[in-house]
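Coordinates from structure_39.tsv are shown below (TSV, C-alpha atoms).
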chain	number	residue	atom	x	y	z
V	1	MET	CA	20.66	25.54	24.26
V	2	ASP	CA	22.24	22.81	26.35
V	3	ILE	CA	21.14	19.59	24.67
V	4	LYS	CA	21.62	16.08	26.04
V	5	LEU	CA	21.73	12.94	23.91
V	6	LEU	CA	21.62	9.37	25.23
V	7	HIS	CA	23.11	6.40	23.37
V	8	ILE	CA	21.69	3.16	24.76
V	9	TYR	CA	24.07	0.17	24.86
V	10	PRO	CA	26.58	1.47	22.27
V	11	ASP	CA	28.86	-1.57	22.68
V	12	LEU	CA	26.08	-4.15	22.48
V	13	MET	CA	24.06	-2.63	19.62
V	14	ASN	CA	26.71	-1.30	17.28
V	15	LEU	CA	26.39	-2.84	13.80
V	16	TYR	CA	26.55	-0.91	10.50
V	17	GLY	CA	28.12	2.22	11.94
V	18	SER	CA	25.14	2.90	14.19
V	19	TYR	CA	27.18	5.29	16.34
V	20	ALA	CA	27.40	7.71	13.39
V	21	ASN	CA	23.72	8.63	13.86
V	22	VAL	CA	24.61	10.21	17.20
V	23	THR	CA	27.91	11.65	15.93
V	24	LEU	CA	26.26	13.44	13.00
V	25	LEU	CA	23.31	14.66	15.05
V	26	ARG	CA	25.70	16.13	17.61
V	27	ARG	CA	27.67	17.90	14.89
V	28	HIS	CA	24.58	19.46	13.35
V	29	LEU	CA	23.25	20.59	16.71
V	30	GLU	CA	26.60	22.14	17.62
V	31	ASP	CA	26.72	23.89	14.26
V	32	LEU	CA	23.40	25.48	15.21
V	33	GLY	CA	25.08	26.99	18.28
V	34	ASN	CA	24.10	24.45	20.93
V	35	GLN	CA	26.17	22.89	23.70
V	36	VAL	CA	25.72	19.13	23.27
V	37	THR	CA	26.46	16.34	25.76
V	38	VAL	CA	26.34	12.67	24.77
V	39	ASP	CA	25.87	10.08	27.53
V	40	SER	CA	26.05	6.31	27.18
V	41	LEU	CA	23.77	3.89	29.00
V	42	LEU	CA	25.31	0.49	29.72
V	43	PRO	CA	23.46	-2.73	30.63
V	44	GLY	CA	22.59	-2.80	34.32
V	45	GLU	CA	22.64	0.97	34.71
V	46	GLU	CA	19.66	3.16	35.55
V	47	ALA	CA	18.70	6.19	33.48
V	48	ASP	CA	16.55	9.27	33.93
V	49	PHE	CA	15.21	9.39	30.39
V	50	ALA	CA	13.26	12.58	31.11
V	51	GLN	CA	16.47	14.66	31.25
V	52	TYR	CA	17.40	13.90	27.63
V	53	ASP	CA	16.46	15.57	24.36
V	54	PHE	CA	17.21	12.55	22.17
V	55	ILE	CA	17.51	8.83	22.88
V	56	PHE	CA	19.10	6.36	20.45
V	57	MET	CA	19.67	2.63	20.10
V	58	GLY	CA	21.35	1.06	17.07
V	59	ALA	CA	21.42	-2.28	15.30
V	60	GLY	CA	22.72	-5.53	16.75
V	61	THR	CA	22.64	-9.24	16.09
V	62	GLU	CA	19.55	-11.09	17.24
V	63	ARG	CA	21.53	-12.44	20.19
V	64	SER	CA	22.67	-8.94	21.18
V	65	GLN	CA	19.17	-7.63	20.58
V	66	LEU	CA	17.63	-10.02	23.10
V	67	ALA	CA	20.38	-9.23	25.62
V	68	ALA	CA	19.62	-5.53	25.16
V	69	LEU	CA	15.91	-6.19	25.61
V	70	SER	CA	16.52	-8.12	28.84
V	71	ALA	CA	18.62	-5.27	30.23
V	72	LEU	CA	16.27	-2.48	29.14
V	73	LEU	CA	12.94	-4.10	30.02
V	74	PRO	CA	13.00	-2.95	33.70
V	75	LEU	CA	13.30	0.63	32.41
V	76	ALA	CA	10.39	0.29	29.98
V	77	PRO	CA	7.84	2.29	32.06
V	78	THR	CA	10.11	5.33	32.26
V	79	LEU	CA	11.01	5.00	28.58
V	80	ARG	CA	7.32	4.96	27.68
V	81	ALA	CA	6.79	8.05	29.84
V	82	ALA	CA	9.62	9.82	28.01
V	83	ALA	CA	8.03	8.93	24.68
V	84	ALA	CA	4.66	10.26	25.85
V	85	ALA	CA	6.43	13.48	26.84
V	86	ASP	CA	7.56	13.90	23.20
V	87	ILE	CA	11.25	13.21	23.74
V	88	ALA	CA	12.79	12.42	20.35
V	89	MET	CA	14.02	8.85	19.90
V	90	LEU	CA	15.42	6.66	17.14
V	91	PHE	CA	15.62	2.88	17.37
V	92	ALA	CA	17.39	1.73	14.20
V	93	GLY	CA	17.99	-1.72	12.73
V	94	THR	CA	16.99	-4.65	14.92
V	95	ALA	CA	16.48	-2.24	17.85
V	96	MET	CA	13.20	-1.23	16.22
V	97	GLU	CA	11.72	-4.65	17.06
V	98	LEU	CA	12.14	-3.92	20.77
V	99	LEU	CA	9.61	-1.09	20.61
V	100	GLY	CA	6.70	-3.45	20.08
V	101	LYS	CA	4.69	-5.67	22.39
V	102	THR	CA	6.58	-8.94	21.87
V	103	VAL	CA	9.57	-10.42	20.05
V	104	VAL	CA	9.39	-14.10	19.07
V	105	ASP	CA	12.85	-15.56	18.50
V	106	VAL	CA	13.78	-18.17	15.90
V	107	GLN	CA	13.20	-20.98	18.44
V	108	GLY	CA	9.63	-19.76	18.91
V	109	GLN	CA	10.14	-18.32	22.40
V	110	GLU	CA	8.13	-15.16	23.02
V	111	HIS	CA	9.82	-12.24	24.81
V	112	PRO	CA	7.86	-9.30	26.25
V	113	ALA	CA	9.14	-6.07	24.70
V	114	LEU	CA	9.05	-2.35	25.57
V	115	GLU	CA	5.44	-1.74	24.39
V	116	LEU	CA	5.82	1.70	22.90
V	117	GLY	CA	3.78	0.13	20.12
V	118	SER	CA	1.43	-2.85	19.95
V	119	PHE	CA	3.16	-4.68	17.07
V	120	ARG	CA	4.71	-8.15	17.13
V	121	SER	CA	8.06	-9.24	15.65
V	122	VAL	CA	8.51	-12.88	14.67
V	123	GLN	CA	12.02	-13.94	13.72
V	124	GLY	CA	12.65	-16.71	11.20
V	125	SER	CA	15.54	-18.57	9.63
V	126	LYS	CA	15.45	-16.57	6.38
V	127	ARG	CA	17.35	-13.29	6.32
V	128	ILE	CA	16.12	-10.29	4.38
V	129	VAL	CA	19.20	-8.42	3.18
V	130	GLU	CA	18.66	-5.61	0.69
V	131	ASP	CA	18.62	-1.90	-0.05
V	132	VAL	CA	15.39	0.01	0.52
V	133	LEU	CA	13.86	3.08	-1.12
V	134	GLY	CA	10.59	4.18	0.45
V	135	SER	CA	8.15	7.05	0.86
V	136	CYS	CA	8.08	8.72	4.27
V	137	SER	CA	5.14	9.99	6.30
V	138	LEU	CA	7.14	13.04	7.50
V	139	PHE	CA	8.16	14.62	4.18
V	140	GLU	CA	7.82	14.13	0.43
V	141	ALA	CA	11.38	13.05	-0.39
V	142	PRO	CA	12.20	9.32	-0.28
V	143	VAL	CA	14.08	7.56	2.50
V	144	VAL	CA	17.00	5.26	1.68
V	145	GLY	CA	18.76	2.62	3.72
V	146	PHE	CA	20.04	-0.92	4.05
V	147	MET	CA	18.18	-3.77	5.72
V	148	ASN	CA	19.47	-6.98	7.26
V	149	LYS	CA	16.79	-8.64	9.36
V	150	CYS	CA	15.07	-11.98	9.88
V	151	ALA	CA	11.80	-10.76	11.43
V	152	LEU	CA	8.32	-10.19	10.05
V	153	ILE	CA	6.67	-7.34	11.94
V	154	SER	CA	2.88	-7.26	12.12
V	155	GLY	CA	0.40	-4.89	13.73
V	156	VAL	CA	2.17	-1.56	13.14
V	157	GLU	CA	-0.55	1.10	13.08
V	158	THR	CA	1.68	4.08	12.23
V	159	PRO	CA	4.64	3.10	10.00
V	160	LEU	CA	7.51	5.46	9.30
V	161	LEU	CA	7.48	4.60	5.59
V	162	ASN	CA	4.13	4.41	3.82
V	163	GLY	CA	5.55	1.90	1.33
V	164	CYS	CA	8.74	0.79	-0.39
V	165	GLN	CA	9.42	1.31	-4.07
V	166	LEU	CA	12.40	-0.98	-3.63
V	167	GLY	CA	12.91	-3.50	-0.87
V	168	PHE	CA	11.01	-5.17	1.93
V	169	GLY	CA	8.75	-3.48	4.44
V	170	ASN	CA	7.67	-4.67	7.88
V	171	GLU	CA	6.06	-7.86	6.63
V	172	ALA	CA	5.93	-7.77	2.83
V	173	GLU	CA	7.90	-6.77	-0.24
V	174	GLY	CA	7.05	-3.16	-1.06
V	175	GLY	CA	4.93	-2.73	2.06
V	176	PRO	CA	5.02	-0.10	4.82
V	177	GLU	CA	8.16	-0.09	6.95
V	178	GLY	CA	9.14	1.06	10.40
V	179	PHE	CA	7.18	2.56	13.26
V	180	ARG	CA	6.33	6.05	14.47
V	181	TYR	CA	4.79	7.26	17.72
V	182	ARG	CA	4.86	10.96	18.57
V	183	ASN	CA	8.59	11.83	18.28
V	184	VAL	CA	9.70	8.18	18.41
V	185	LEU	CA	11.03	6.75	15.14
V	186	GLY	CA	11.75	3.08	14.58
V	187	SER	CA	13.10	1.49	11.41
V	188	GLU	CA	14.97	-1.65	10.44
V	189	LEU	CA	16.95	0.52	8.03
V	190	THR	CA	20.58	1.11	8.83
V	191	GLY	CA	23.41	2.59	6.88
V	192	PRO	CA	23.41	4.58	9.30
V	193	LEU	CA	19.93	6.01	8.79
V	194	LEU	CA	20.39	9.69	9.73
V	195	VAL	CA	23.65	9.93	7.79
V	196	LYS	CA	22.02	8.61	4.63
V	197	ASN	CA	18.88	10.79	4.96
V	198	PRO	CA	19.44	14.53	5.59
V	199	LEU	CA	15.72	15.28	5.77
V	200	LEU	CA	15.18	12.64	8.43
V	201	LEU	CA	18.06	14.14	10.40
V	202	GLY	CA	16.40	17.52	10.00
V	203	ALA	CA	13.09	16.12	11.25
V	204	VAL	CA	14.80	14.85	14.42
V	205	ILE	CA	16.43	18.23	15.02
V	206	ALA	CA	13.11	20.00	14.46
V	207	ALA	CA	11.44	17.67	17.00
V	208	ILE	CA	14.13	18.48	19.58
V	209	TYR	CA	13.66	22.22	19.07
V	210	ARG	CA	9.86	21.96	19.07
V	211	ARG	CA	9.77	20.11	22.37
V	212	ARG	CA	12.07	22.72	23.94
V	213	GLY	CA	9.76	25.49	22.68
V	214	GLN	CA	12.50	26.97	20.50
V	215	ALA	CA	12.40	28.06	16.87
V	216	LEU	CA	15.08	26.81	14.53
V	217	PRO	CA	17.64	29.46	13.53
V	218	GLU	CA	16.76	31.34	10.36
V	219	GLU	CA	20.15	30.47	8.85
V	220	ILE	CA	20.79	26.75	8.68
V	221	PRO	CA	24.32	25.55	7.79
V	222	ASP	CA	24.70	23.97	4.36
V	223	TYR	CA	26.10	20.44	4.00
V	224	PRO	CA	26.59	19.93	0.24
V	225	PHE	CA	28.43	16.59	0.49
V	226	GLU	CA	25.63	15.08	2.58
V	227	GLU	CA	23.05	16.25	0.05
V	228	GLN	CA	25.11	14.99	-2.90
V	229	ALA	CA	25.59	11.57	-1.33
V	230	TYR	CA	21.85	11.31	-0.68
V	231	SER	CA	20.97	12.41	-4.23
V	232	VAL	CA	23.31	9.86	-5.82
V	233	THR	CA	21.89	7.08	-3.65
V	234	VAL	CA	18.30	7.97	-4.55
V	235	GLN	CA	19.17	8.17	-8.24
V	236	GLN	CA	20.84	4.77	-8.28
V	237	LEU	CA	18.07	3.05	-6.33
V	238	ARG	CA	15.44	4.55	-8.63
V	239	LEU	CA	17.34	3.16	-11.63
V	240	ARG	CA	17.17	-0.27	-10.03
V	241	CYS	CA	13.41	0.13	-9.66
V	242	GLN	CA	13.13	0.60	-13.43
V	243	LYS	CA	14.99	-2.59	-14.33
V	244	PRO	CA	12.76	-5.50	-15.42
Rendering of file as structure tokens:
Amino acid sequence: MDIKLLHIYPDLMNLYGSYANVTLLRRHLEDLGNQVTVDSLLPGEEADFAQYDFIFMGAGTERSQLAALSALLPLAPTLRAAAAADIAMLFAGTAMELLGKTVVDVQGQEHPALELGSFRSVQGSKRIVEDVLGSCSLFEAPVVGFMNKCALISGVETPLLNGCQLGFGNEAEGGPEGFRYRNVLGSELTGPLLVKNPLLLGAVIAAIYRRRGQALPEEIPDYPFEEQAYSVTVQQLRLRCQKP
């Protein structure tokens, strides 16, 4: 297949190696025999989201996040249409907050957001910086990642993580984290997220194939170092959960 990926504002929203989510996804798709094109969307540019198979935005500072929101807001109707058409998306780190109805900054100013979900993000002066180990709604294995945020997120009806064994969720320690709508995934977790979680990467690839009406190849390449890195991370985070 010819597969097209879109990286939204890669220079503006680029913390924590966010670009590696797209790099690794491209590699895996190419290893499956696909021709993959990666386009970048810059602030002020238009985009035909419907032509893409995967859309990504990474983490940024709160200042960069609001700049990204201002630039992307005029394109929100077409982004929502792409989401309703089951195009796979990942908004990682602080980009996840843009998927909701509003973002309230630390000064208390309310900013209309993209409205793929109805939740509300309220930023405060206290930062939440920690590792996370949580249970996912897409598969049985845990999800791991790193969080650095200052927002409490309320009103998420369909979280990505059902709860966190270690770390902070959307609005509480140990609570549900992230957001999911059709093939749209949102999470404050970085690291980058798809690199740290092979099964989540596999779920994105499966969503791309499913929307294109294609079956995954019977023989899937093996990536032992990715699996080993994930296993070590899960093991170490579980040990931390056991400490008094």
Extract, using only C-alpha atoms, all DNA, RNA and protein residues at most 8 Å from Val22 (chain V), discarding same-chain residues fewer than 5 positions from it, and format them as a PDB file with C-alpha atoms, in the coordinates of the input.
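So the final result, stored in part_2.pdb, reads:
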ATOM      1  CA  LEU V   5      21.730  12.940  23.910  1.00  0.00           C
ATOM      2  CA  HIS V   7      23.110   6.400  23.370  1.00  0.00           C
ATOM      3  CA  PHE V  56      19.100   6.360  20.450  1.00  0.00           C
TER       4      PHE V  56
END
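Going from CA of Gly93 (chain V) to CA of Ser135 (chain V) covers 17.7 Å.
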The centre and edge lengths of an axis-aligned box containing all atoms of region 162-179 of chain V present in the file, extended by 5 Å on each side, are to be given in Å to one decimal, as JSON.
{"center_x": 8.5, "center_y": -1.7, "center_z": 4.6, "size_x": 18.8, "size_y": 22.3, "size_z": 27.3}
Using all atoms listed in the file, determine which residues lie at most 12 Å from Leu42 (chain V), disregarding the query and same-chain residues fewer than 5 positions distant; provide the list as an MDAnalysis selection string.
chainID V and resid 6:13 47 57 67:68 71:72
Pick out the closest residue to Ile205 (chain V) from this set: V:Ile220, V:Ala229, V:Val104, V:Leu237. Count only C-alpha atoms.
V:Ile220
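Counting all atoms listed in the file, the residue from V:Cys164, V:Ser40, V:Ile128, V:Val144 that sits nearest to Leu199 (chain V) is V:Val144.
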Taking (21.0, 26.6, 22.9) in the file's coordinates, which residues come within 9 Å, counting all atoms listed in the file, written as a compact mmCIF listing (two decimals) with C-alpha atoms, keeping the file's coordinate frame?
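Saved to out_5.txt:
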# COMPACT_ATOMS: atom_id res chain seq x y z
CA MET V 1 20.66 25.54 24.26
CA ASP V 2 22.24 22.81 26.35
CA ILE V 3 21.14 19.59 24.67
CA LEU V 29 23.25 20.59 16.71
CA GLU V 30 26.60 22.14 17.62
CA LEU V 32 23.40 25.48 15.21
CA GLY V 33 25.08 26.99 18.28
CA ASN V 34 24.10 24.45 20.93
CA GLN V 35 26.17 22.89 23.70
CA VAL V 36 25.72 19.13 23.27
CA GLN V 214 12.50 26.97 20.50
